[in-house]
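Accompanying notes for the structure given below.
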Amino acid sequence: AGEDGLQAWLRYAPLPRGHHRSSLPSRIVALNDSSSSPVYTAGQELQKGILGILGEDLEICDSAPAGNSAILVGTVGQYNKVYQDATLHPDLSEDGFWLSTQGTTVRILGQNERGVLYGAFEYLSMLAQGNFSTVEYPTNPSAPIRWTNEWDNMDGSIERGFAGNSIFFDDGAIVANLTRAAEYARLLASIRVNAVIVNNVNANYTTLQPDNIEGLGRIADVFRPYGVQLGMSLYFASPANITNLTTYDPLDSRVIAFWNDKTDEIYQRIPDMAGYLVKANSEGQPGPIQYNRTLAQGANLFAKALKPHGGILMFRAFVYDQLNESDWKADRAKAAVDYFQPLDGDFDDNVVVQIKYGPIDFQVREPVSPLFANLRNTSTAIELQVTQEYLGQQCHVIYLPPLWKTITNFDLRVDNSTSLVRNIMTGQHFDRPLGGSAGVVNVGQNTTWLGSHLAMSNLYAYGRLAWDWTADPTEILQDWIRLTFGHNQQVIDTITEMSLASWPAYENYSGNLGIQTLTDILYTHFGPNPQSQDNNGWGQWTRADKASIGMDRTVSNGTGYSGQYPPEIASLYEDISTTPDDLLLWFHHVNYTHTLTSGKSVIQHFYDAHYAGALTAHSFVGMWESLKPYMDTERYDDVLFRQKFQAGHALVWRDAITNFYHNLSGIPDEAGRVGHH
Ligand code: GCW
């Protein structure tokens, strides 16, 4: 039981009868036979996959007699050593691969060993989808950083994780059995994720104790055959916890020596460690500001220790202070630019500032973080959540790529010219050496990994997009459906329809017009709690009163946030008539009777959208039930249970939000649905 969940999109289910297939090569030639090599893994994976998909058991050899057909896997360098093919010059960058299928000769050549494994998974994905076409192409990543972050605590719990306890940690130490860690690395390699930060950004100094460094080394050992590097989050004040130092001042020579020595010790055990992730001076975490040092001085402390080892320091931009709502101009959304823009150019070249996609915190609708437009001399990466913290916690189906694409395709108009977020964060636009993305995933011990079978489309898509931000969310989704659930057209059409309707539906029944997700922000981040959105110190406010609602973030009359964007975007948001409806209440404070460009009033839009969204969620139940004949019982029942919960919870959402604003405003619903009659 649970095997389908564990294998996720790598099930290698037999290709159904009726699919055209051409004859296969007779053997697999892997050009490196060391068992920790991704090339070796590629050979093993091809053997296993072809057996599952096509029922043919190919042998793995280290060479092929001339004239014999083979699937050849190796780096370009390894290949040229054996075959001296001077005509072969595939245009590859780091981690890229070249795939060529000519009848019964298949060549999968990587720029490095990790690229070889990526190519093997690509070929297997083709076979599993019944695609036997002849192809020949190179493919390269959009960015070097394609990481996941796991918010796993050393005690085995996971912050904002919705699939059980950690696969890495338990009771303050690294678990003995790392089978799941290896299986996770296999999934990640197949979507070309190249590193995992294994512990929570709210970090603990105990990670750095010698037996835990040894344990992290064991995790890195099981990741290595999959080309996945290990990275770790650090607790800024560690030196004051594990030595007799009483300071963690980043400019103190003893503190510097501590981090240099610790870093050397870690690299001794994990020579290919990816780097560190640091959350400092954020939500109670210690940082350099305690010593009147800048955030850049804090970041560079670690960057310098990592530099000789080739490591990267990811430094989070999620820095903000508690605020008082009685101040009309107070605005948490401004914090990141206020803190980081003055430091542009002060960060070492192996520092990457990791920026959440919006200026607040993974809400259902946010504008792009303006920080992306304000750091020209600093490498940046975008932080996304695969885990659905504010978005239904895997109890609601939401296919997230359309949300991510809204952000990454946004044109910030830096210097009044095209400046797409996806080109800024990958380093291309400002010509930065580093860039990319971090996806907060938070997989757990549950056999579905994320707590829900359908949520896995988000992990799959995260990797595909991190490789190529121009890829199409629907195509990615349908590859995932075929690999996960098979080839039945009704299954493909239904899951596609449901997935594409899911983000708009959730926005409709949770929070509209840029008001954010009206979830409980004080405790659970789950379920409706509109009253928690005001009179809190967190700065996630709606400023709703009897007559009006919304944050005035204009320069002319509000917090001035809109002025953090380049001029063309600033004026778009400054002017209420050019602000898109879906961000109206993010930027403007208006009466409930204000007319939207759609012609509806704000309050009527709230009522209508909540009813429409809940209806869509309800329709998912019947859609899923129509798939019963084509599904295994285990996955059918598991998803159905969740769809029914979502349908019911969407009604709770609808009624909680519409009644809340009806009571507050006293304005009746034109359709007569809301309130007491
Ligand atoms: O919104 C908050 C989350 C915290 C998280 C924090 C962050 C890991 O509720 O759980 O801490 O964001 O991203 O640092």
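Identifiers for the structure tokens are assigned positionally: chains receive A, B, ... in sequence, residues are indexed from 1 per chain, and ligands are indexed from 1 in the order shown.
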
Quiz item: Within 10 Å of ligand 1, counting only C-alpha atoms and all ligand atoms: which residues, as JSON, numbers by chain?
Solution: {"A": [149, 150, 151, 152, 158, 159, 160, 161, 200, 201, 202, 203, 278, 279, 280, 282, 283, 285, 316, 317, 318, 319, 356, 360, 361, 362, 363, 383, 385, 389, 390, 440, 521, 522, 523, 524, 525, 538]}

* Tell me, as a list in words, which residues lie within 7 Å of range 37-49 of chain A, counting only C-alpha atoms; anything in the same chain fewer than 3 positions away does not count. =>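 Returned residues: Tyr12, Ile28, Ala30, Leu31, Asn32, Asp33, Ser34, Gly52, Ile53, Asp57, Leu58, Ile60, Val73, Gly74, Glu113, Arg114, Val116, Leu117, Ala120, Leu124, Pro225, Tyr226 and Gly227 of chain A.
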
Saved selection, atoms kept: N, CA and C atoms, as a tab-separated table (two decimals), in the first residue's frame:
chain	number	residue	atom	x	y	z
A	12	TYR	N	6.68	4.08	-13.59
A	12	TYR	CA	7.06	3.18	-14.68
A	12	TYR	C	6.00	2.10	-14.91
A	28	ILE	N	22.32	-1.24	-22.29
A	28	ILE	CA	22.59	0.09	-21.76
A	28	ILE	C	24.09	0.18	-21.50
A	30	ALA	N	26.74	2.40	-19.60
A	30	ALA	CA	26.96	3.50	-18.65
A	30	ALA	C	28.46	3.75	-18.53
A	31	LEU	N	28.89	4.97	-18.82
A	31	LEU	CA	30.32	5.24	-18.94
A	31	LEU	C	31.02	5.54	-17.62
A	32	ASN	N	30.33	5.34	-16.50
A	32	ASN	CA	31.00	5.38	-15.20
A	32	ASN	C	30.33	4.33	-14.33
A	33	ASP	N	31.10	3.39	-13.81
A	33	ASP	CA	30.47	2.30	-13.05
A	33	ASP	C	30.67	2.44	-11.54
A	34	SER	N	31.09	3.61	-11.10
A	34	SER	CA	31.19	3.82	-9.65
A	34	SER	C	29.80	4.08	-9.08
A	52	GLY	N	9.83	-1.81	-16.42
A	52	GLY	CA	8.46	-1.50	-16.00
A	52	GLY	C	7.58	-1.06	-17.15
A	53	ILE	N	8.08	-0.17	-17.96
A	53	ILE	CA	7.25	0.45	-19.00
A	53	ILE	C	7.04	-0.49	-20.19
A	57	ASP	N	14.09	-6.46	-20.28
A	57	ASP	CA	15.16	-6.41	-19.30
A	57	ASP	C	16.50	-6.22	-20.02
A	58	LEU	N	17.00	-5.01	-20.05
A	58	LEU	CA	18.25	-4.73	-20.76
A	58	LEU	C	19.43	-4.90	-19.82
A	60	ILE	N	23.22	-3.94	-18.43
A	60	ILE	CA	24.06	-2.73	-18.35
A	60	ILE	C	25.52	-3.15	-18.55
A	73	VAL	N	25.00	6.28	-21.99
A	73	VAL	CA	24.90	7.38	-21.03
A	73	VAL	C	26.25	7.75	-20.45
A	74	GLY	N	26.59	9.03	-20.52
A	74	GLY	CA	27.85	9.51	-19.96
A	74	GLY	C	27.98	10.99	-20.19
A	113	GLU	N	27.90	14.91	-14.74
A	113	GLU	CA	27.23	13.63	-14.46
A	113	GLU	C	25.77	13.81	-14.08
A	114	ARG	N	25.49	14.91	-13.39
A	114	ARG	CA	24.11	15.20	-13.01
A	114	ARG	C	23.24	15.38	-14.26
A	116	VAL	N	23.66	13.98	-17.07
A	116	VAL	CA	23.42	12.65	-17.67
A	116	VAL	C	22.16	12.03	-17.06
A	117	LEU	N	22.06	12.11	-15.73
A	117	LEU	CA	20.89	11.54	-15.06
A	117	LEU	C	19.61	12.26	-15.47
A	120	ALA	N	18.56	10.90	-18.72
A	120	ALA	CA	17.97	9.56	-18.62
A	120	ALA	C	16.51	9.66	-18.18
A	124	LEU	N	13.15	8.44	-20.20
A	124	LEU	CA	12.16	7.56	-19.57
A	124	LEU	C	10.78	8.19	-19.55
A	225	PRO	N	24.35	10.07	-5.28
A	225	PRO	CA	24.15	9.31	-6.53
A	225	PRO	C	23.05	9.92	-7.42
A	226	TYR	N	22.26	10.82	-6.85
A	226	TYR	CA	21.20	11.47	-7.64
A	226	TYR	C	21.59	12.88	-8.07
A	227	GLY	N	22.83	13.25	-7.81
A	227	GLY	CA	23.27	14.59	-8.21
A	227	GLY	C	22.62	15.70	-7.41

Please run DSSP on the backbone and report, as a ChimeraX atom specification, all residues within range 61-194 of chain A that come out as strand (DSSP E). /A:61,70-75,97-102,105-110,136-139,145-149,169-170,173-174

Written file, previous selection with C-alpha atoms, as a CSV table (one decimal), in the first residue's frame:
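Saved result, selection16.csv, follows:
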chain,number,residue,atom,x,y,z
A,61,CYS,CA,27.6,-2.8,-19.8
A,70,ALA,CA,22.8,0.7,-27.3
A,71,ILE,CA,21.5,3.4,-24.9
A,72,LEU,CA,24.7,5.3,-24.2
A,73,VAL,CA,24.9,7.4,-21.0
A,74,GLY,CA,27.8,9.5,-20.0
A,75,THR,CA,29.3,13.0,-19.9
A,97,PHE,CA,22.3,17.4,-21.4
A,98,TRP,CA,22.0,16.4,-25.0
A,99,LEU,CA,19.5,13.7,-26.0
A,100,SER,CA,19.7,11.9,-29.4
A,101,THR,CA,17.5,9.0,-30.4
A,102,GLN,CA,18.1,7.5,-33.8
A,105,THR,CA,20.9,4.1,-30.9
A,106,VAL,CA,20.2,6.5,-28.1
A,107,ARG,CA,22.8,8.8,-26.7
A,108,ILE,CA,22.3,10.7,-23.5
A,109,LEU,CA,25.3,13.0,-22.9
A,110,GLY,CA,25.5,15.4,-20.0
A,136,GLU,CA,18.1,15.3,-31.1
A,137,TYR,CA,18.5,18.4,-29.0
A,138,PRO,CA,20.5,20.0,-26.2
A,139,THR,CA,18.7,21.5,-23.2
A,145,ILE,CA,20.0,27.5,-8.3
A,146,ARG,CA,17.1,25.1,-8.5
A,147,TRP,CA,16.8,24.2,-4.8
A,148,THR,CA,14.2,23.1,-2.4
A,149,ASN,CA,13.9,24.3,1.2
A,169,PHE,CA,15.3,14.2,11.6
A,170,ASP,CA,13.9,12.7,14.8
A,173,ALA,CA,19.3,13.8,15.5
A,174,ILE,CA,19.4,12.5,11.9

inquiry  = Using only C-alpha atoms, which protein or nucleic acid residues come within 12 Å of Leu343 in chain A? Drop anything in the same chain fewer than 5 positions from it, and give the result as a list in words.
reply    = Arg293, Thr294, Leu295, Ala296, Gln297, Gly298, Ala299, Asn300, Ala317, Ala336, Val337, Asp338, Asp348, Val353, Leu371, Asn374, Leu375, Arg376, Asn377 and Thr378 of chain A

Can you tell me which residues surround Leu477 in chain A at a distance of at most 9 Å, considering only C-alpha atoms, apart from same-chain residues fewer than 4 positions away, and format the answer as a ChimeraX atom specification?
/A:399,457-458,460-461,472-473,481-482,495-496,499

At a cut-off of 7 Å, using only C-alpha atoms, what residues contact range 648-661 of chain A? Leave out same-chain residues fewer than 6 positions from it and give the result as a list in words.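 Close residues of range 648-661 of chain A: Tyr509, Ser510, Gly527, Pro528, Pro530, Phe606, Tyr607, His610, Tyr611, Ala614, Ala617, Val674 and Gly675 of chain A.
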
Since we have the selection now, will you write its residues out, keeping C-alpha atoms, as a PDB file, in the first residue's frame?
ATOM      1  CA  TYR A 509     -13.955  31.771  -1.818  1.00  0.00           C
ATOM      2  CA  SER A 510     -11.037  32.956   0.343  1.00  0.00           C
ATOM      3  CA  GLY A 527      -9.661  28.414   7.529  1.00  0.00           C
ATOM      4  CA  PRO A 528     -11.412  31.781   7.509  1.00  0.00           C
ATOM      5  CA  PRO A 530     -11.278  37.809   8.643  1.00  0.00           C
ATOM      6  CA  PHE A 606     -17.254  39.666  -2.625  1.00  0.00           C
ATOM      7  CA  TYR A 607     -20.675  38.035  -2.376  1.00  0.00           C
ATOM      8  CA  HIS A 610     -17.601  33.555  -2.786  1.00  0.00           C
ATOM      9  CA  TYR A 611     -20.695  31.819  -4.100  1.00  0.00           C
ATOM     10  CA  ALA A 614     -17.691  27.468  -3.475  1.00  0.00           C
ATOM     11  CA  ALA A 617     -15.124  23.501  -5.363  1.00  0.00           C
ATOM     12  CA  VAL A 674     -26.332  36.501   2.471  1.00  0.00           C
ATOM     13  CA  GLY A 675     -27.501  37.219   6.042  1.00  0.00           C
TER      14      GLY A 675
END

- Query: Near range 257-271 of chain A, within 9 Å and counting only C-alpha atoms, which residues show up once chain neighbours fewer than 2 positions away are dropped, as a list in words?
  - Reply: Leu208, Pro210, Ile213, Glu214, Leu216, Gly217, Arg218, Ala220, Asp221, Leu230, Pro239, Thr243, Asp252, Ser253, Arg254, Val255, Met273, Leu301, Phe302, Lys304, Ala305, Leu306 and His309 of chain A

Selection file, N, CA and C atoms, as a CSV table (one decimal), in the first residue's frame:
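Result written to result_3.csv:
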chain,number,residue,atom,x,y,z
A,208,LEU,N,24.8,21.9,14.3
A,208,LEU,CA,26.2,22.0,14.1
A,208,LEU,C,27.0,21.1,15.1
A,210,PRO,N,28.9,17.8,16.4
A,210,PRO,CA,29.7,16.9,15.6
A,210,PRO,C,28.9,15.7,15.1
A,213,ILE,N,26.6,16.8,12.3
A,213,ILE,CA,27.4,17.0,11.1
A,213,ILE,C,27.6,15.6,10.4
A,214,GLU,N,28.0,14.7,11.2
A,214,GLU,CA,28.1,13.3,10.7
A,214,GLU,C,26.8,12.8,10.0
A,216,LEU,N,24.3,14.6,8.9
A,216,LEU,CA,24.1,15.4,7.6
A,216,LEU,C,24.9,14.8,6.5
A,217,GLY,N,26.1,14.4,6.9
A,217,GLY,CA,27.0,13.7,5.9
A,217,GLY,C,26.4,12.5,5.3
A,218,ARG,N,25.7,11.7,6.2
A,218,ARG,CA,25.0,10.5,5.7
A,218,ARG,C,23.9,10.9,4.8
A,220,ALA,N,23.9,13.5,2.8
A,220,ALA,CA,24.5,13.9,1.6
A,220,ALA,C,25.0,12.7,0.8
A,221,ASP,N,25.4,11.7,1.5
A,221,ASP,CA,25.9,10.4,0.9
A,221,ASP,C,24.7,9.8,0.1
A,230,LEU,N,23.5,18.7,-0.7
A,230,LEU,CA,22.9,19.1,0.6
A,230,LEU,C,23.3,20.5,1.0
A,239,PRO,N,27.5,30.7,17.6
A,239,PRO,CA,28.8,30.7,18.4
A,239,PRO,C,28.6,31.0,19.9
A,243,THR,N,29.9,27.6,22.0
A,243,THR,CA,31.3,27.8,22.5
A,243,THR,C,31.1,28.7,23.7
A,252,ASP,N,33.5,40.3,14.8
A,252,ASP,CA,34.4,39.9,15.9
A,252,ASP,C,35.3,38.8,15.4
A,253,SER,N,36.6,38.9,15.5
A,253,SER,CA,37.5,38.0,14.9
A,253,SER,C,37.3,36.5,15.4
A,254,ARG,N,36.9,36.4,16.7
A,254,ARG,CA,36.6,35.1,17.2
A,254,ARG,C,35.4,34.4,16.6
A,255,VAL,N,34.4,35.3,16.3
A,255,VAL,CA,33.2,34.8,15.6
A,255,VAL,C,33.5,34.4,14.2
A,273,MET,N,29.1,20.2,-0.4
A,273,MET,CA,27.9,20.9,0.2
A,273,MET,C,27.6,22.1,-0.6
A,301,LEU,N,29.7,37.3,6.3
A,301,LEU,CA,30.4,36.5,7.3
A,301,LEU,C,30.4,35.0,6.8
A,302,PHE,N,29.3,34.6,6.4
A,302,PHE,CA,29.1,33.2,6.0
A,302,PHE,C,29.7,33.0,4.6
A,304,LYS,N,32.1,34.4,3.1
A,304,LYS,CA,33.6,34.3,3.1
A,304,LYS,C,34.0,33.0,3.6
A,305,ALA,N,33.3,32.4,4.6
A,305,ALA,CA,33.7,31.1,5.1
A,305,ALA,C,33.4,30.0,4.0
A,306,LEU,N,32.4,30.2,3.2
A,306,LEU,CA,32.0,29.3,2.1
A,306,LEU,C,32.9,29.4,0.9
A,309,HIS,N,35.4,26.9,-0.5
A,309,HIS,CA,34.8,25.6,-0.8
A,309,HIS,C,33.8,25.7,-2.0

- request: Can you pull out every residue within 8 Å of range 444-454 of chain A, counting only C-alpha atoms, but drop anything in the same chain fewer than 3 positions away, and send it as a PyMOL selection string?
  value: chain A and resi 2-3+5-6+8+158+161-167+180+387+394-395+397+457+635+638-639
